[in-house]
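The block underneath contains the structure these notes are about, expressed in structure tokens.
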Amino acid sequence: MNKAQFSEMISKKVMILDGATGTLLQKRGMPAGVSPEKWVIDNPSVIIQIQREYIDAGSDIIFSCTFGGNRSKLGDYGLEGQTFEMNRRLAALSREAAGQRALVAGDIGSTGRFVKPFGDMPFEECVNIYKEQVRGLLEGGVDLFAIETMLDIQETRAALLAIKESCDLPICVSMTFDEAQRTLTGADPITALITLQSLGADAFGCNCSTGPAQMVEIIRMLKPYARVPLLAKPNAGMPRLVNGETVFDMGAAEFGSYTESFVEAGANLIGGCCGTSPEYISELRRHSYGLKPLDVEYKAYSAVTSSRKTVFFGEDNPLVLVGERINPTGKKLLQAQLKEGSTHELRRLALEQTDKGAQILDVNVGMPGVDEKELMVKAIELLGGVSDAPLSLDSSSPEVLEAALRIYPGRALINSISSERIKLEKLLPAAAKYGAMFVLLPLSDGGVPQTAAERQQIVKSVFEAAAEYGYKKNDIVVDGLVMTVSSSQEAAAETLKLIEWCSREFGCATIVGLSNVSFGLPERGWINAAFLAMAVGRGLTMAIANPSDELLISIKMACDVLTTKDVGSRAYISYFNSLEKPSTDQAQTIHNGKAMSTGERIYDAVMKGDKEGIPLLIEDAIGEGMIYGDIVDKFLIPAINEVGKLFDEKKYFLPQLIQSAEAMKKGFDCVEPLLAKEKADEASGADPKAGADTEEEASITKRRGKDVIVLATVKGDIHDIGKNIVGLMLKNYGFEVHDLGKDVSAERIVEEARLSDAAIIGLSALMTTTMVEMRNVIELAKEEGLHCSFMVGGAVVNEDYAREICADGYAKDAYEAVKLAKRLVDGVKKA
């Protein structure tokens with residue numbers, strides 16, 4: 001099936017997908033703790049029967065039994081060497097089951113690892129892992145691909161690129177969003193949609209984690225921005241334990257009753273996930289009769305994304321400010337640090353600009369004597385965790401820009417593509433492949449055109465070339481090409497003419513680099529501000545500028561009011577109120593960067609995840625004679641607690657949480673030896689330097705190395721991303737973590753807890769079929785006379801289930817696990 005056939009098919013009727021597979025396999029004999037893929041190959045009649053039951057129930061598309069079929073997951077069973085052949089065989093089995101009655105989607109799931117910078121897996125390794133699986137699925141005869149249950153947008157990009165670079169078959173992508181409508185790493189549905197449809201997904205949607213009611217709302221949210229069909233595979237409500245078995249609280253009839261709501265919201269493909277069966281699919285099919293899916297229309301908007309945020313511009317949106325400061329030209333400190341491999345100043349410039357209002361960050365790391373491509377990749381990896389602002393990738397080298405586009409975890413803005421032959425030949429295809437927007441620079445091999453009319457002709461010719469790659473006018477941003485008025489006073493007028501032509505006639509967004517206009521003149525700020533106001537009046541969309549320039553920002557805010565793009569003048573009022581009434585709150589004071597003490601800078605470093613800069617700050621604090629205990633109790637711990645609070649409020653996400661925890665640990669590692677020596681001196685009668693630990697803060701120093709937590713994913717379950725994150729956070733908070741890995745028996749967990757005198761056993765399960773194993777661990781531990789506490793977590797677990805199996809607590813995420821562990825340990829100590 002080609003993409004055009006897929007699109008035509010979906011436009012005619014609501015396509016019904018299949019439902020859950022793993023639970024049905026277990027009901028038909030698959031034991032816990034084995035590779036589902038291997039068991040199916042050894043018992044082919046079972047999967048053929050299940051998939052035929054789904055087709056009989058009304059499934060138009062069935063998914064191959066290859067969700068865990070990549071070498072990373074198969075490696076848990078020692079099967080990584082059979083990846084290609086297993087995927088080929090499993091796809092062929094689904095092909096046999098489907099015959100001519102249904103299509104077969106090659107099913108691709110997570111590798112179970114995080115891609116750099118939040119994990120240990122290089123992006124290209126991830127792409128190659130998926131390519132191996134894709135080759136097997138293609139050989140087995142799949143009609144299309146389904147990338148599903150994805151938690152991280154960068155891993156999803158790797159899977160999507162692996163398929164695109166292997167074949168031209170249609171690709172459906174679905175991600176898992178929590179109750180706050182975010183993925184595990186913080187992407188919201190609209191950001192994920194825009195990123196992945198731009199990269200080439202032929203359908204996008206969500207599956208797992210929620211029931212139909214919540215998922216309908218996500219589909220409804222996506223529809224106004226969707227340029228591709230939308231997909232939904234909800235769970236059958238929420239799981240609970242009944243007589244030792246996991247059941248879902250929604251029956252097939254109720255599940256099917258949501259079909260019309262999904263279609264009205266904009267879903268084109270509907271199926272089921274956890275807890276569903278052929279009976280549920282039959283209800284979906286019954287309710288879909290007579291329903292026609294909404295048309296998939298091209299929505300004309302301009303937007304760029306990071307992994308966690310979308311910035312829209314043009315039309316009714318306010319002027320977008322692009323921060324210009326990440327550029328080594330004229331910045332000796334940044335130049336020196338980039339050459340040394342340090343990113344401290346790069347981080348500072350990024351945060352300073354976004355704090356001052358930059359919505360997009362222009363990133364240029366080119367200078368003599370460095371490997372620009374390597375530096376650009378490093379900068380992108382760093383900035384992805386430091387800031388949620390989308391990036392404008394700024395380089396004159398096509399090779400640098402293509403490398404940057406490949407690993408950028410969003411929809412980037414390229415700065416820039418001109419009509420120069422090398423740019424058109426090398427950059428346009430790369431930009432199109434990765435779905436990037438680009439700044440169109442009206443420059444040719446012949447040089448800089450002086451008049452607006454000449455520039456208009458270049459704009460038309462470059463756009464004509466871009467249109468051959470599928471670009472539309474809302475995918476480009478024309479650079480007004482600002483020249484200095486000190487050498488030619490007519491230059492500004494020509495730029496303004498071009499901006500007005502683009503805005504009023506040609507119909508595209510525009511951008512200017514403001515500082516160029518005033519070069520060589522005194523009091524440049526006045527020229528820049530006046531020119532900005534004039535350009536906005538002609539329809540300017542974006543400006544590259546220094547967001548620390550208060551005059552410039554004030555003019556921008558005023559222009560947004562006067563052009564009616566700041567509705568109700570809310571942003572204007574908020575901005576000037578904040579200038580008049582600075583907050584006295586500690587975190588805000590530090591955030592504003594006003595006269596920070598060394599201790600406040602330590603606090604700030606933890607808040608911003610600056611693990612590179614914090615050792616130097618600790619060294620400064622010690623040199624100033626700060627009490628060692630105060631460094632921990634007054635700055636490190638309050639900072640990480642504030643990070644946790646922001647994480648709870650969904651203002652920080654997993655990347656910031658991990659980076660801040662690592663920075664806090666790095667800082668504590670600097671202080672810990674000094675605290676240990678100080679306590680030894682105190683014990684021997686020496687005059688102590690540090691104050692006593694405060695009860696309120698429950699200092700890490702009292703806990704570190706003393707309280708052991710045994711972590712494990714229970715028997716039969718091979719999912720451990722969440723558990724690994726919990727382990728990292730607990731270590732950073734000073735607990736001694738014994739991580740036993742995944743698919744661990746109750747006997748092994750209890751034995752380790754006894755040998756290590758563990759204070760807590762932490763158990764994780766992601767599958768409804770394995771969550772019952774948690775009860776077995778707790779009962780065995782109590783039978784063996786262990787007096788430790790038990791905490792549980794995982795996507796299928798909740799507070800009610802924790803109480804039912806007599807666990808001492810449930811944690812929904814890593815930070816909740818830390819808080820729960822502290823409560824449990826402190827409660828035992830007080831008792």
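Ordering of the structure tokens sets the chain letters (A, B, ...), residue numbers begin anew at 1 in every chain, and ligands are numbered from 1 in the order given.
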
Once DSSP has gone over the backbone, tell me which residues of stretch 230-394 of chain A are in helix (DSSP H, G or I), as a ChimeraX atom specification.
/A:252-256,259-265,278-288,332-340,344-355,372-386

Set the distance at 7 Å and use only C-alpha atoms: which residues neighbour A:Leu766 once local chain neighbours fewer than 2 positions away are removed? I'd like the list as a ChimeraX atom specification.
/A:719,764,768,794-796

Restricting it to N, CA and C atoms, dump the selection as a PDB file, in the first residue's frame.
```pdb
ATOM      1  N   HIS A 719       9.426  -4.118  31.508  1.00  0.00           N
ATOM      2  CA  HIS A 719       9.429  -2.667  31.343  1.00  0.00           C
ATOM      3  C   HIS A 719      10.124  -2.039  32.545  1.00  0.00           C
ATOM      4  N   SER A 764       7.786  -2.304  40.685  1.00  0.00           N
ATOM      5  CA  SER A 764       7.230  -1.664  39.499  1.00  0.00           C
ATOM      6  C   SER A 764       6.590  -2.702  38.591  1.00  0.00           C
ATOM      7  N   THR A 768      -0.880  -5.163  33.076  1.00  0.00           N
ATOM      8  CA  THR A 768      -1.976  -5.610  33.943  1.00  0.00           C
ATOM      9  C   THR A 768      -1.818  -7.078  34.325  1.00  0.00           C
ATOM     10  N   GLY A 794       3.872   2.287  38.710  1.00  0.00           N
ATOM     11  CA  GLY A 794       3.758   1.768  37.355  1.00  0.00           C
ATOM     12  C   GLY A 794       2.471   2.232  36.724  1.00  0.00           C
ATOM     13  N   ALA A 795       2.415   2.180  35.410  1.00  0.00           N
ATOM     14  CA  ALA A 795       1.291   2.762  34.674  1.00  0.00           C
ATOM     15  C   ALA A 795      -0.050   2.140  35.031  1.00  0.00           C
ATOM     16  N   VAL A 796      -0.056   0.845  35.412  1.00  0.00           N
ATOM     17  CA  VAL A 796      -1.336   0.170  35.677  1.00  0.00           C
ATOM     18  C   VAL A 796      -1.696   0.166  37.159  1.00  0.00           C
TER      19      VAL A 796
END
```

Show which residues sit within 9 Å of A:Lys634, as a ChimeraX atom specification. Count only C-alpha atoms, and ignore same-chain residues fewer than 3 positions away.
/A:599,603,629-631,637-639,697

Polymer residues at most 8 Å from A:Ile55, only C-alpha atoms, same-chain spacing of 3 or more positions, as a PyMOL selection string:
chain A and resi 18+51-52+58-62+98+101-102

Quick one: write out the picked residues with N, CA and C atoms as a PDB file, in the first residue's frame?
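See out08.pdb below for the written result:
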```pdb
ATOM      1  N   ASP A  18      -7.243  -3.122  15.712  1.00  0.00           N
ATOM      2  CA  ASP A  18      -7.458  -4.258  16.614  1.00  0.00           C
ATOM      3  C   ASP A  18      -7.401  -3.806  18.073  1.00  0.00           C
ATOM      4  N   GLN A  51      -5.843 -13.042  15.878  1.00  0.00           N
ATOM      5  CA  GLN A  51      -5.961 -11.988  14.875  1.00  0.00           C
ATOM      6  C   GLN A  51      -7.139 -12.219  13.938  1.00  0.00           C
ATOM      7  N   ARG A  52      -7.477 -13.460  13.669  1.00  0.00           N
ATOM      8  CA  ARG A  52      -8.665 -13.728  12.860  1.00  0.00           C
ATOM      9  C   ARG A  52      -9.937 -13.375  13.628  1.00  0.00           C
ATOM     10  N   GLY A  58     -14.354  -7.084  13.100  1.00  0.00           N
ATOM     11  CA  GLY A  58     -14.457  -5.848  12.329  1.00  0.00           C
ATOM     12  C   GLY A  58     -13.181  -5.067  12.146  1.00  0.00           C
ATOM     13  N   SER A  59     -12.038  -5.601  12.556  1.00  0.00           N
ATOM     14  CA  SER A  59     -10.772  -4.875  12.392  1.00  0.00           C
ATOM     15  C   SER A  59     -10.392  -4.786  10.920  1.00  0.00           C
ATOM     16  N   ASP A  60     -10.116  -3.550  10.473  1.00  0.00           N
ATOM     17  CA  ASP A  60      -9.612  -3.338   9.114  1.00  0.00           C
ATOM     18  C   ASP A  60      -8.093  -3.469   9.062  1.00  0.00           C
ATOM     19  N   ILE A  61      -7.461  -3.207  10.209  1.00  0.00           N
ATOM     20  CA  ILE A  61      -6.002  -3.278  10.305  1.00  0.00           C
ATOM     21  C   ILE A  61      -5.641  -4.031  11.576  1.00  0.00           C
ATOM     22  N   ILE A  62      -4.779  -5.029  11.461  1.00  0.00           N
ATOM     23  CA  ILE A  62      -4.260  -5.724  12.639  1.00  0.00           C
ATOM     24  C   ILE A  62      -2.775  -5.407  12.791  1.00  0.00           C
ATOM     25  N   ALA A  98      -4.389 -12.425   8.161  1.00  0.00           N
ATOM     26  CA  ALA A  98      -5.186 -11.385   7.505  1.00  0.00           C
ATOM     27  C   ALA A  98      -5.680 -11.793   6.135  1.00  0.00           C
ATOM     28  N   ARG A 101      -8.424  -9.984   3.857  1.00  0.00           N
ATOM     29  CA  ARG A 101      -9.534  -9.399   4.622  1.00  0.00           C
ATOM     30  C   ARG A 101      -9.124  -8.173   5.430  1.00  0.00           C
ATOM     31  N   ALA A 102      -7.838  -7.998   5.671  1.00  0.00           N
ATOM     32  CA  ALA A 102      -7.384  -6.879   6.510  1.00  0.00           C
ATOM     33  C   ALA A 102      -5.950  -6.523   6.143  1.00  0.00           C
TER      34      ALA A 102
END
```

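For the set A:Glu254, A:Glu600, A:Glu751, A:Glu260, the residue with the smallest atom-to-atom gap to A:Val216 is A:Glu260, counting only C-alpha atoms.
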
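Using only C-alpha atoms, the nearest neighbour of A:Arg182 within the list A:Leu346, A:Ala92, A:Leu654, A:Ala680 is A:Leu654.
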
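Residues in contact with stretch 722-728 of chain A at 8 Å, where only C-alpha atoms are counted and same-chain residues fewer than 3 positions away are skipped, are listed as A:Ile658, A:Leu711, A:Ala712, A:Thr713, A:His719, A:Lys731, A:Asn732, A:Val737, A:Asp739, A:Ser764, A:Gly794, A:Asp813, A:Ala814, A:Tyr815, A:Ala817, A:Val818.
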
Would you mind exporting N, CA, C and O atoms of the selected residues as a CSV table (one decimal), in the first residue's frame?
```
chain,number,residue,atom,x,y,z
A,658,ILE,N,15.5,15.4,36.1
A,658,ILE,CA,16.8,14.6,36.1
A,658,ILE,C,18.0,15.5,36.2
A,658,ILE,O,18.9,15.3,37.0
A,711,LEU,N,15.0,-2.0,44.6
A,711,LEU,CA,14.1,-1.8,43.5
A,711,LEU,C,14.0,-2.9,42.5
A,711,LEU,O,15.1,-3.5,42.2
A,712,ALA,N,12.9,-3.2,41.9
A,712,ALA,CA,12.8,-4.3,40.9
A,712,ALA,C,11.5,-4.1,40.1
A,712,ALA,O,10.4,-3.7,40.7
A,713,THR,N,11.5,-4.5,38.9
A,713,THR,CA,10.3,-4.7,38.1
A,713,THR,C,10.0,-6.2,38.3
A,713,THR,O,10.8,-7.1,38.2
A,719,HIS,N,9.4,-4.1,31.5
A,719,HIS,CA,9.4,-2.7,31.3
A,719,HIS,C,10.1,-2.0,32.5
A,719,HIS,O,9.7,-2.3,33.7
A,731,LYS,N,18.9,7.8,44.3
A,731,LYS,CA,20.3,7.9,44.5
A,731,LYS,C,20.7,9.4,44.7
A,731,LYS,O,21.5,9.7,45.6
A,732,ASN,N,20.2,10.2,43.9
A,732,ASN,CA,20.5,11.6,44.0
A,732,ASN,C,20.0,12.3,45.3
A,732,ASN,O,20.5,13.3,45.7
A,737,VAL,N,20.6,2.6,46.6
A,737,VAL,CA,19.7,1.8,45.8
A,737,VAL,C,20.3,0.6,45.3
A,737,VAL,O,21.3,0.6,44.7
A,739,ASP,N,19.3,-1.9,42.6
A,739,ASP,CA,18.4,-2.1,41.5
A,739,ASP,C,18.6,-3.5,40.9
A,739,ASP,O,19.6,-3.8,40.3
A,764,SER,N,7.8,-2.3,40.7
A,764,SER,CA,7.2,-1.7,39.5
A,764,SER,C,6.6,-2.7,38.6
A,764,SER,O,7.1,-3.8,38.5
A,794,GLY,N,3.9,2.3,38.7
A,794,GLY,CA,3.8,1.8,37.4
A,794,GLY,C,2.5,2.2,36.7
A,794,GLY,O,1.5,2.6,37.4
A,813,ASP,N,5.0,8.9,40.2
A,813,ASP,CA,6.2,9.3,39.4
A,813,ASP,C,7.4,9.3,40.2
A,813,ASP,O,7.4,9.0,41.5
A,814,ALA,N,8.6,9.7,39.7
A,814,ALA,CA,9.8,9.6,40.4
A,814,ALA,C,9.9,10.5,41.6
A,814,ALA,O,10.4,10.1,42.6
A,815,TYR,N,9.4,11.7,41.4
A,815,TYR,CA,9.5,12.6,42.6
A,815,TYR,C,8.6,12.2,43.7
A,815,TYR,O,8.9,12.3,44.9
A,817,ALA,N,7.9,9.2,44.4
A,817,ALA,CA,8.6,8.1,45.0
A,817,ALA,C,9.7,8.5,46.0
A,817,ALA,O,9.8,7.9,47.1
A,818,VAL,N,10.4,9.6,45.7
A,818,VAL,CA,11.3,10.2,46.6
A,818,VAL,C,10.6,10.7,47.9
A,818,VAL,O,11.1,10.4,49.0
```

A:Val304 environment, 7 Å, only C-alpha atoms, sequence neighbours closer than 5 positions dropped, as a ChimeraX atom specification:
/A:310-312,390,411-413

Pick the closest to A:Thr195 from A:Gly410, A:Gly644, A:Gly785, A:Gly141: which is it, counting only C-alpha atoms?
A:Gly410

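Comparing the minimum interatomic distances between A:Arg308 and each of A:Ile553, A:Ile190, A:Leu93, A:Met767, counting only C-alpha atoms, we find that A:Ile190 sits nearest.
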